[in-house]
Every structure is written in structure tokens, then in C-alpha cells.
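Remarks on the structure that follows.
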Amino acid sequence: MPLKQHQPVTPSSRYKLLPDFAEITKSKPEKSLTVSLKKSGGRNNTGRITCRHRGGGHKRKYRLIDFKRLRRDEAAKVVAIEYDPNRSARIALLEYKDGQKSYILAPRKLEVGDKVQAGEKAPIKPGNALPLSHIPPGSAIHNIEIQPGKGGQVARSAGQSATLSNREGGYALVKMPSGEIRKIQDNCYATIGVVGNTDHMNQQSAKAGRTRWQGVRPTVRGMCMNPVDHPNGGGEGKSKSGGGRQHLKSPWGHTKGQKTRQPKKSSDKFIVQGRKAKKRR
């Protein structure tokens with residue numbers, strides 16, 4: 001998907017680099033596959049802000065994506081490629097022979113008119129979902145299940161993919177997008193191919209207003225706040241004693257560089273190699 005560069009007729013268009021949406025074939029979503037999406041403003045059920053810098057933004061409808069691919073051994077036709085405001089990837093509208101429709105993440109090279117299928121007998125091509133035990137080693141996969149039947153949870157954003165390295169003892173060794181190698185049960189399903197919209201990471205919005213349209217509010221440095229609002233706040237100017245210049249902390253007390261993963265997590269036994277493992281020369 002190419003990016004469109006704009007003429008610098010205004011300051012906001014000088015560095016603007018946005019998608020041209022050439023692959024989009026349908027402007028409005030399938031009404032039966034959308035639900036209303038209420039804005040939380042980053043607040044939980046008690047009204048407290050638990051996720052900062054959220055609020056405002058354009059209204060959205062949530063598209064119901066079929067991450068589980070429950071209809072097995074049935075071919076479906078790709079009717080349209082659509083834009084989804086809730087994710088960085090594009091989505092593909094499928095239609096089965098009985099008229100039922102569903103959405104899936106649109107992988108790269110999937111086009112309108114193609115046939116996709118889920119099941120153990122599905123051919124190895126982009127958009128088809130198979131158990132890890134039936135996928136050839138070395139294949140690029142996305143929308144990977146961690147627990148059988150729970151639905152895909154790994155490698156779902158634009159341009160992402162994991163690599164099936166090997167299989168042993170009922171488990172598949174999958175190299176994650178982060179570089180981590182993890183054991184996953186080989187009866188978990190995954191989809192062949194790389195998630196589409198690979199140029200998403202190269203976009204440049206060029207103005208703060210576009211970020212506000214996405215529901216992201218401004219971020220303020222902790223040093224500029226009062227002591228009641230942030231551990232780094234307070235002090236007269238850039239104070240080295242009262243505020244701001246001591247050891248940096250988050251509002252919840254985490255120091256910079258502190259590991260936040262639980263030291264004894266039950267899923268550690270499935271990690272064969274960590275994402276920060278040193279590369280051998």
C-alpha cells in the first residue's frame with residue numbers, strides 16, 4: 001500500500017505522509033457486523049482515570065472480527081477490503097455459500113474475489129487458517145492462538161508476522177515479532193501470511209489535530225506538574241532537590257528501566273528464548 005505525499009501548501013501538509021487507501025473497495029461497514037462503541041475517556045467503572053491521555057476523538061463503530069475462524073472446511077469469497085478505525089490493519093469482508101458474512105484481518109496480497117478457507121485441509125496460501133501442526137516450518141503466520149479455541153491473539157497489527165520455526169513434542173516453536181521464541185500447542189490455529197497495510201509504520205500525521213481525532217490527548221512532563229500530581233513534580237524551576245531531578249519515577253512509583261513483568265509467571269516455561277537474548281556473531 002503506497003503512501004501519499006502532499007504538496008506543502010500549508011505547514012500541516014509539508015510533512016504529511018498518509019495512505020492513499022487505494023486498496024479500500026467498500027466505504028461503509030457491513031451493518032450486521034458492527035456494534036456501538038462507548039467512549040470511556042480512560043476511566044474505569046468507578047470513574048477514576050486508569051489510562052491517561054485518552055478522550056475525545058471521532059465516533060466509531062466496532063467491527064466484529066472473526067479471530068477464531070470457526071467455520072472449518074468451508075470456502076468463503078472475499079467480497080471487499082475495508083478500513084477499520086479500531087486497528088492499524090485492513091479488514092476483509094468474507095461471504096460464505098449460505099450468505100453469511102464475517103470479517104477477518106486482511107493479509108498482504110489478499111484481493112477481492114479470492115477464496116479463503118479454515119481447516120486442516122486448507123491449502124497453504126495467504127488468508128487461510130490451519131493448525132500449527134499442518135503449517136510448513138519457516139512459514140510467515142499471523143493471528144496466532146495461544147490457547148486452542150480462544151482465538152488469535154498474537155501478530156494482529158499492520159505489517160506484523162511471526163515465523164513457525166520447528167515442532168517438537170506436541171508443541172510448535174514460534175518466533176514472535178519481538179524476537180522471542182515461544183512454545184505453543186500445535187493444535188492452535190494460525191493464519192498464513194503477513195498482515196497487510198505494511199506502510200502503516202511510515203505514516204506521518206504532520207499535525208497534532210489528527211492525533212486528537214484518534215482520541216489521544218496531550219501528554220505533559222511530570223516535571224511540570226505539582227508534587228500532588230506526579231513524583232517528579234514540584235520545586236522552584238528545574239530543582240535538583242525538591243522535584244524533577246531526583247530518580248525518575250512514574251506516577252505509580254515505577255523507576256525508569258524497572259522490569260514490570262512478574263518474576264515468577266506461569267507462562268515462563270513456554271519461553272524458549274527471550275526477546276532480549278544476545279545475538280551470536
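FYI, nothing fancy with the C-alpha cells labels: chains A, B, ... in order, residues from 1 per chain, ligands from 1 as they appear.
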
Selection: 7 Å around region 231-233 of chain A, only C-alpha atoms, excl. self and same-chain fewer than 5 positions, as a list of chain:residue names: A:Gly222, A:Met223, A:Cys224, A:Met225, A:Asn226, A:Gly243, A:Gly244, A:Leu248, A:Lys249, A:Pro251

Filtering to C-alpha atoms, could you give me those residues as a PDB file, in the first residue's frame?
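Generated output (result.pdb):
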ATOM      1  CA  GLY A 222       5.921  15.031  35.162  1.00  0.00           C
ATOM      2  CA  MET A 223       8.487  17.723  35.986  1.00  0.00           C
ATOM      3  CA  CYS A 224       5.971  20.387  35.006  1.00  0.00           C
ATOM      4  CA  MET A 225       3.359  19.101  37.464  1.00  0.00           C
ATOM      5  CA  ASN A 226       2.805  19.710  41.144  1.00  0.00           C
ATOM      6  CA  GLY A 243      11.256  17.994  42.313  1.00  0.00           C
ATOM      7  CA  GLY A 244      12.059  16.695  38.896  1.00  0.00           C
ATOM      8  CA  LEU A 248      12.749   9.383  37.631  1.00  0.00           C
ATOM      9  CA  LYS A 249       9.539   7.628  38.558  1.00  0.00           C
ATOM     10  CA  PRO A 251       3.005   8.248  38.838  1.00  0.00           C
TER      11      PRO A 251
END

Sel. of helix (DSSP H, G or I) residues, region 5-204 of chain A, as a PDB file with C-alpha atoms, in the first residue's frame:
ATOM      1  CA  PRO A  11       2.507  23.954   7.454  1.00  0.00           C
ATOM      2  CA  SER A  12       0.480  20.841   8.301  1.00  0.00           C
ATOM      3  CA  SER A  13       0.789  19.394   4.799  1.00  0.00           C
ATOM      4  CA  LYS A  31     -24.184  -3.091   9.372  1.00  0.00           C
ATOM      5  CA  SER A  32     -24.859  -6.576  10.764  1.00  0.00           C
ATOM      6  CA  LEU A  33     -21.205  -6.918  11.800  1.00  0.00           C
ATOM      7  CA  LEU A 132       0.261 -25.158  13.597  1.00  0.00           C
ATOM      8  CA  SER A 133       0.761 -28.909  13.128  1.00  0.00           C
ATOM      9  CA  HIS A 134      -0.271 -28.583   9.450  1.00  0.00           C
ATOM     10  CA  THR A 198       2.689  -2.726   5.861  1.00  0.00           C
ATOM     11  CA  ASP A 199       3.413   1.005   5.355  1.00  0.00           C
ATOM     12  CA  HIS A 200       1.454   1.972   8.446  1.00  0.00           C
ATOM     13  CA  MET A 201       4.651   2.494  10.457  1.00  0.00           C
ATOM     14  CA  ASN A 202       5.906   5.070   7.904  1.00  0.00           C
TER      15      ASN A 202
END

Selection: 8 Å around region 100-106 of chain A, only C-alpha atoms, excl. self and same-chain fewer than 5 positions, as a PyMOL selection string: chain A and resi 33+63-67+81+89-95+127+156+195-196

Residue subset to file, keeping N, CA and C atoms, as a PDB file, in the first residue's frame:
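Produced file part-v6.pdb, reproduced below:
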ATOM      1  N   LEU A  33     -22.444  -6.529  11.145  1.00  0.00           N
ATOM      2  CA  LEU A  33     -21.205  -6.918  11.800  1.00  0.00           C
ATOM      3  C   LEU A  33     -20.598  -5.774  12.604  1.00  0.00           C
ATOM      4  N   ARG A  63     -16.102  -3.122  14.576  1.00  0.00           N
ATOM      5  CA  ARG A  63     -16.312  -4.207  13.618  1.00  0.00           C
ATOM      6  C   ARG A  63     -16.021  -5.546  14.301  1.00  0.00           C
ATOM      7  N   LEU A  64     -16.941  -6.476  14.204  1.00  0.00           N
ATOM      8  CA  LEU A  64     -16.781  -7.791  14.831  1.00  0.00           C
ATOM      9  C   LEU A  64     -15.893  -8.661  13.947  1.00  0.00           C
ATOM     10  N   ILE A  65     -14.665  -8.906  14.405  1.00  0.00           N
ATOM     11  CA  ILE A  65     -13.695  -9.676  13.636  1.00  0.00           C
ATOM     12  C   ILE A  65     -13.742 -11.141  14.065  1.00  0.00           C
ATOM     13  N   ASP A  66     -13.696 -12.039  13.090  1.00  0.00           N
ATOM     14  CA  ASP A  66     -13.703 -13.476  13.378  1.00  0.00           C
ATOM     15  C   ASP A  66     -12.264 -13.939  13.610  1.00  0.00           C
ATOM     16  N   PHE A  67     -11.788 -13.796  14.852  1.00  0.00           N
ATOM     17  CA  PHE A  67     -10.436 -14.229  15.189  1.00  0.00           C
ATOM     18  C   PHE A  67     -10.358 -15.744  15.372  1.00  0.00           C
ATOM     19  N   ILE A  81     -12.429  -5.218   0.723  1.00  0.00           N
ATOM     20  CA  ILE A  81     -11.371  -4.836   1.659  1.00  0.00           C
ATOM     21  C   ILE A  81     -11.779  -3.488   2.248  1.00  0.00           C
ATOM     22  N   ALA A  89      -4.538  -2.487  10.934  1.00  0.00           N
ATOM     23  CA  ALA A  89      -4.648  -3.356   9.763  1.00  0.00           C
ATOM     24  C   ALA A  89      -5.956  -3.096   9.016  1.00  0.00           C
ATOM     25  N   ARG A  90      -5.983  -3.502   7.767  1.00  0.00           N
ATOM     26  CA  ARG A  90      -7.226  -3.501   6.998  1.00  0.00           C
ATOM     27  C   ARG A  90      -7.989  -4.796   7.295  1.00  0.00           C
ATOM     28  N   ILE A  91      -9.280  -4.789   7.020  1.00  0.00           N
ATOM     29  CA  ILE A  91     -10.083  -5.989   7.248  1.00  0.00           C
ATOM     30  C   ILE A  91     -10.742  -6.418   5.937  1.00  0.00           C
ATOM     31  N   ALA A  92     -10.964  -7.715   5.815  1.00  0.00           N
ATOM     32  CA  ALA A  92     -11.565  -8.282   4.613  1.00  0.00           C
ATOM     33  C   ALA A  92     -12.945  -8.829   4.953  1.00  0.00           C
ATOM     34  N   LEU A  93     -13.918  -8.496   4.129  1.00  0.00           N
ATOM     35  CA  LEU A  93     -15.285  -8.987   4.299  1.00  0.00           C
ATOM     36  C   LEU A  93     -15.442 -10.279   3.518  1.00  0.00           C
ATOM     37  N   LEU A  94     -15.793 -11.365   4.224  1.00  0.00           N
ATOM     38  CA  LEU A  94     -15.980 -12.669   3.595  1.00  0.00           C
ATOM     39  C   LEU A  94     -17.458 -12.990   3.474  1.00  0.00           C
ATOM     40  N   GLU A  95     -17.802 -13.758   2.450  1.00  0.00           N
ATOM     41  CA  GLU A  95     -19.173 -14.241   2.283  1.00  0.00           C
ATOM     42  C   GLU A  95     -19.131 -15.731   1.970  1.00  0.00           C
ATOM     43  N   GLY A 127      -4.295 -15.884   4.019  1.00  0.00           N
ATOM     44  CA  GLY A 127      -5.691 -15.782   4.415  1.00  0.00           C
ATOM     45  C   GLY A 127      -6.282 -17.075   4.921  1.00  0.00           C
ATOM     46  N   ARG A 156      -1.272  -9.295  15.207  1.00  0.00           N
ATOM     47  CA  ARG A 156      -2.524  -8.871  14.589  1.00  0.00           C
ATOM     48  C   ARG A 156      -2.453  -7.438  14.045  1.00  0.00           C
ATOM     49  N   VAL A 195       0.270  -9.646   7.915  1.00  0.00           N
ATOM     50  CA  VAL A 195      -0.849  -8.703   7.997  1.00  0.00           C
ATOM     51  C   VAL A 195      -0.592  -7.548   7.032  1.00  0.00           C
ATOM     52  N   GLY A 196      -1.620  -7.119   6.340  1.00  0.00           N
ATOM     53  CA  GLY A 196      -1.488  -6.075   5.330  1.00  0.00           C
ATOM     54  C   GLY A 196      -1.247  -4.690   5.906  1.00  0.00           C
TER      55      GLY A 196
END

Minimum-distance residue to Ser88 (chain A), chosen among A:Gly215, A:Pro19, A:Pro177, A:Gly257 (using only C-alpha atoms): A:Pro19

Ala172 (chain A) surroundings by only C-alpha atoms, 12 Å radius, close-in-sequence under 4 positions cut, as a PyMOL selection string: chain A and resi 131-138+144-146+163-168+176+181-190+270-272

Okay, now the selection with N, CA and C atoms, as a compact mmCIF listing (two decimals), in the first residue's frame?
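Wrote it out as part-v8.txt, contents follow:
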# COMPACT_ATOMS: atom_id res chain seq x y z
N PRO A 131 -4.16 -25.43 11.71
CA PRO A 131 -3.43 -25.70 12.96
C PRO A 131 -1.93 -25.60 12.71
N LEU A 132 -1.19 -25.27 13.74
CA LEU A 132 0.26 -25.16 13.60
C LEU A 132 0.89 -26.48 13.18
N SER A 133 0.23 -27.60 13.50
CA SER A 133 0.76 -28.91 13.13
C SER A 133 0.69 -29.16 11.63
N HIS A 134 -0.10 -28.38 10.88
CA HIS A 134 -0.27 -28.58 9.45
C HIS A 134 0.37 -27.46 8.63
N ILE A 135 1.11 -26.57 9.27
CA ILE A 135 1.76 -25.46 8.57
C ILE A 135 3.24 -25.81 8.39
N PRO A 136 3.80 -25.63 7.19
CA PRO A 136 5.22 -25.96 6.97
C PRO A 136 6.14 -25.06 7.80
N PRO A 137 7.22 -25.60 8.36
CA PRO A 137 8.18 -24.76 9.10
C PRO A 137 8.77 -23.68 8.20
N GLY A 138 9.01 -22.53 8.78
CA GLY A 138 9.54 -21.40 8.02
C GLY A 138 8.48 -20.48 7.46
N ILE A 144 -2.31 -15.63 15.70
CA ILE A 144 -1.95 -16.93 16.27
C ILE A 144 -2.65 -17.11 17.61
N GLU A 145 -3.24 -18.28 17.80
CA GLU A 145 -3.84 -18.62 19.09
C GLU A 145 -2.76 -19.00 20.09
N ILE A 146 -2.96 -18.62 21.35
CA ILE A 146 -2.07 -19.07 22.43
C ILE A 146 -2.70 -20.25 23.15
N THR A 163 7.11 -16.32 12.77
CA THR A 163 7.68 -17.39 11.94
C THR A 163 7.60 -18.71 12.69
N LEU A 164 7.04 -19.71 12.03
CA LEU A 164 6.99 -21.06 12.60
C LEU A 164 8.36 -21.70 12.39
N SER A 165 9.09 -21.89 13.50
CA SER A 165 10.47 -22.38 13.39
C SER A 165 10.54 -23.90 13.32
N ASN A 166 9.86 -24.57 14.25
CA ASN A 166 10.02 -26.02 14.35
C ASN A 166 8.85 -26.59 15.13
N ARG A 167 8.79 -27.93 15.23
CA ARG A 167 7.78 -28.60 16.04
C ARG A 167 8.44 -29.74 16.80
N GLU A 168 8.04 -29.91 18.07
CA GLU A 168 8.59 -31.00 18.86
C GLU A 168 7.68 -31.28 20.04
N MET A 176 8.31 -14.92 17.69
CA MET A 176 7.37 -13.81 17.75
C MET A 176 7.93 -12.57 17.04
N ILE A 181 11.22 -16.52 21.19
CA ILE A 181 10.83 -17.84 20.70
C ILE A 181 10.02 -18.52 21.78
N ARG A 182 8.80 -18.91 21.43
CA ARG A 182 7.86 -19.43 22.43
C ARG A 182 7.25 -20.74 21.95
N LYS A 183 6.98 -21.62 22.90
CA LYS A 183 6.31 -22.89 22.60
C LYS A 183 4.80 -22.69 22.66
N ILE A 184 4.10 -23.10 21.60
CA ILE A 184 2.65 -23.03 21.53
C ILE A 184 2.13 -24.40 21.12
N GLN A 185 1.04 -24.84 21.71
CA GLN A 185 0.47 -26.14 21.36
C GLN A 185 0.19 -26.20 19.86
N ASP A 186 0.55 -27.34 19.25
CA ASP A 186 0.46 -27.41 17.79
C ASP A 186 -0.96 -27.59 17.27
N ASN A 187 -1.96 -27.70 18.17
CA ASN A 187 -3.35 -27.72 17.69
C ASN A 187 -3.97 -26.32 17.71
N CYS A 188 -3.18 -25.30 18.05
CA CYS A 188 -3.66 -23.92 17.96
C CYS A 188 -3.66 -23.47 16.50
N TYR A 189 -4.62 -22.65 16.15
CA TYR A 189 -4.76 -22.19 14.77
C TYR A 189 -3.96 -20.91 14.54
N ALA A 190 -3.50 -20.74 13.31
CA ALA A 190 -2.83 -19.52 12.88
C ALA A 190 -3.18 -19.29 11.42
N PHE A 270 7.07 -21.63 28.83
CA PHE A 270 6.88 -21.76 27.39
C PHE A 270 7.84 -20.89 26.59
N ILE A 271 8.60 -20.03 27.26
CA ILE A 271 9.54 -19.16 26.57
C ILE A 271 10.87 -19.90 26.41
N VAL A 272 11.23 -20.21 25.17
CA VAL A 272 12.48 -20.91 24.89
C VAL A 272 13.65 -19.94 24.86

Backbone DSSP call of strand (DSSP E) for region 158-249 of chain A, listed as a list in words: Ala162, Thr163, Leu164, Ser165, Asn166, Arg167, Glu168, Tyr171, Ala172, Leu173, Val174, Lys175, Ile181, Arg182, Lys183, Ile184, Gln185, Tyr189, Ala190, Thr191 and Ile192 of chain A

What would the file look like if the residues just selected were written as a PDB file, in the first residue's frame with N, CA and C atoms?
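Generated file (again_10.pdb):
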ATOM      1  N   ALA A 162       4.726 -13.625  12.521  1.00  0.00           N
ATOM      2  CA  ALA A 162       5.630 -14.481  13.273  1.00  0.00           C
ATOM      3  C   ALA A 162       6.110 -15.583  12.338  1.00  0.00           C
ATOM      4  N   THR A 163       7.114 -16.322  12.773  1.00  0.00           N
ATOM      5  CA  THR A 163       7.681 -17.387  11.942  1.00  0.00           C
ATOM      6  C   THR A 163       7.598 -18.710  12.689  1.00  0.00           C
ATOM      7  N   LEU A 164       7.036 -19.705  12.027  1.00  0.00           N
ATOM      8  CA  LEU A 164       6.993 -21.060  12.601  1.00  0.00           C
ATOM      9  C   LEU A 164       8.360 -21.702  12.393  1.00  0.00           C
ATOM     10  N   SER A 165       9.091 -21.889  13.499  1.00  0.00           N
ATOM     11  CA  SER A 165      10.469 -22.382  13.392  1.00  0.00           C
ATOM     12  C   SER A 165      10.545 -23.901  13.319  1.00  0.00           C
ATOM     13  N   ASN A 166       9.860 -24.574  14.248  1.00  0.00           N
ATOM     14  CA  ASN A 166      10.024 -26.025  14.352  1.00  0.00           C
ATOM     15  C   ASN A 166       8.849 -26.595  15.131  1.00  0.00           C
ATOM     16  N   ARG A 167       8.791 -27.928  15.230  1.00  0.00           N
ATOM     17  CA  ARG A 167       7.780 -28.604  16.040  1.00  0.00           C
ATOM     18  C   ARG A 167       8.442 -29.745  16.803  1.00  0.00           C
ATOM     19  N   GLU A 168       8.036 -29.906  18.067  1.00  0.00           N
ATOM     20  CA  GLU A 168       8.591 -30.997  18.863  1.00  0.00           C
ATOM     21  C   GLU A 168       7.679 -31.284  20.043  1.00  0.00           C
ATOM     22  N   TYR A 171       4.310 -29.477  20.586  1.00  0.00           N
ATOM     23  CA  TYR A 171       4.397 -28.017  20.614  1.00  0.00           C
ATOM     24  C   TYR A 171       5.068 -27.509  19.343  1.00  0.00           C
ATOM     25  N   ALA A 172       4.712 -26.289  18.976  1.00  0.00           N
ATOM     26  CA  ALA A 172       5.359 -25.609  17.857  1.00  0.00           C
ATOM     27  C   ALA A 172       6.209 -24.474  18.414  1.00  0.00           C
ATOM     28  N   LEU A 173       7.406 -24.316  17.883  1.00  0.00           N
ATOM     29  CA  LEU A 173       8.292 -23.216  18.276  1.00  0.00           C
ATOM     30  C   LEU A 173       8.052 -22.060  17.325  1.00  0.00           C
ATOM     31  N   VAL A 174       7.545 -20.961  17.861  1.00  0.00           N
ATOM     32  CA  VAL A 174       7.167 -19.802  17.055  1.00  0.00           C
ATOM     33  C   VAL A 174       8.044 -18.626  17.442  1.00  0.00           C
ATOM     34  N   LYS A 175       8.667 -18.011  16.457  1.00  0.00           N
ATOM     35  CA  LYS A 175       9.455 -16.799  16.703  1.00  0.00           C
ATOM     36  C   LYS A 175       8.525 -15.602  16.573  1.00  0.00           C
ATOM     37  N   ILE A 181      11.218 -16.518  21.194  1.00  0.00           N
ATOM     38  CA  ILE A 181      10.833 -17.836  20.695  1.00  0.00           C
ATOM     39  C   ILE A 181      10.019 -18.523  21.782  1.00  0.00           C
ATOM     40  N   ARG A 182       8.800 -18.906  21.432  1.00  0.00           N
ATOM     41  CA  ARG A 182       7.861 -19.426  22.426  1.00  0.00           C
ATOM     42  C   ARG A 182       7.254 -20.736  21.946  1.00  0.00           C
ATOM     43  N   LYS A 183       6.976 -21.623  22.903  1.00  0.00           N
ATOM     44  CA  LYS A 183       6.309 -22.888  22.601  1.00  0.00           C
ATOM     45  C   LYS A 183       4.800 -22.694  22.664  1.00  0.00           C
ATOM     46  N   ILE A 184       4.104 -23.101  21.604  1.00  0.00           N
ATOM     47  CA  ILE A 184       2.648 -23.026  21.534  1.00  0.00           C
ATOM     48  C   ILE A 184       2.133 -24.396  21.121  1.00  0.00           C
ATOM     49  N   GLN A 185       1.038 -24.841  21.709  1.00  0.00           N
ATOM     50  CA  GLN A 185       0.471 -26.143  21.362  1.00  0.00           C
ATOM     51  C   GLN A 185       0.194 -26.201  19.857  1.00  0.00           C
ATOM     52  N   TYR A 189      -4.625 -22.653  16.148  1.00  0.00           N
ATOM     53  CA  TYR A 189      -4.764 -22.190  14.769  1.00  0.00           C
ATOM     54  C   TYR A 189      -3.963 -20.907  14.541  1.00  0.00           C
ATOM     55  N   ALA A 190      -3.501 -20.741  13.311  1.00  0.00           N
ATOM     56  CA  ALA A 190      -2.826 -19.522  12.882  1.00  0.00           C
ATOM     57  C   ALA A 190      -3.177 -19.287  11.419  1.00  0.00           C
ATOM     58  N   THR A 191      -3.056 -18.055  10.978  1.00  0.00           N
ATOM     59  CA  THR A 191      -3.390 -17.691   9.606  1.00  0.00           C
ATOM     60  C   THR A 191      -2.104 -17.472   8.818  1.00  0.00           C
ATOM     61  N   ILE A 192      -2.094 -17.951   7.583  1.00  0.00           N
ATOM     62  CA  ILE A 192      -0.920 -17.848   6.726  1.00  0.00           C
ATOM     63  C   ILE A 192      -0.772 -16.413   6.226  1.00  0.00           C
TER      64      ILE A 192
END

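Reported to one decimal place, the separation of CA of Gly41 (chain A) from CA of Arg217 (chain A) is 9.8 Å.
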
Residue among A:Thr34, A:Ser205, A:Gln153, A:Gln214 lying closest to Gly55 (chain A), counting only C-alpha atoms: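 Ranked by minimum distance to Gly55 (chain A), first place goes to A:Gln214.
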
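Residue nearest Leu130 (chain A) within the list A:Gly253, A:Gly169, A:Gly42, A:Pro148: A:Pro148 [criterion: smallest interatomic distance, only C-alpha atoms].
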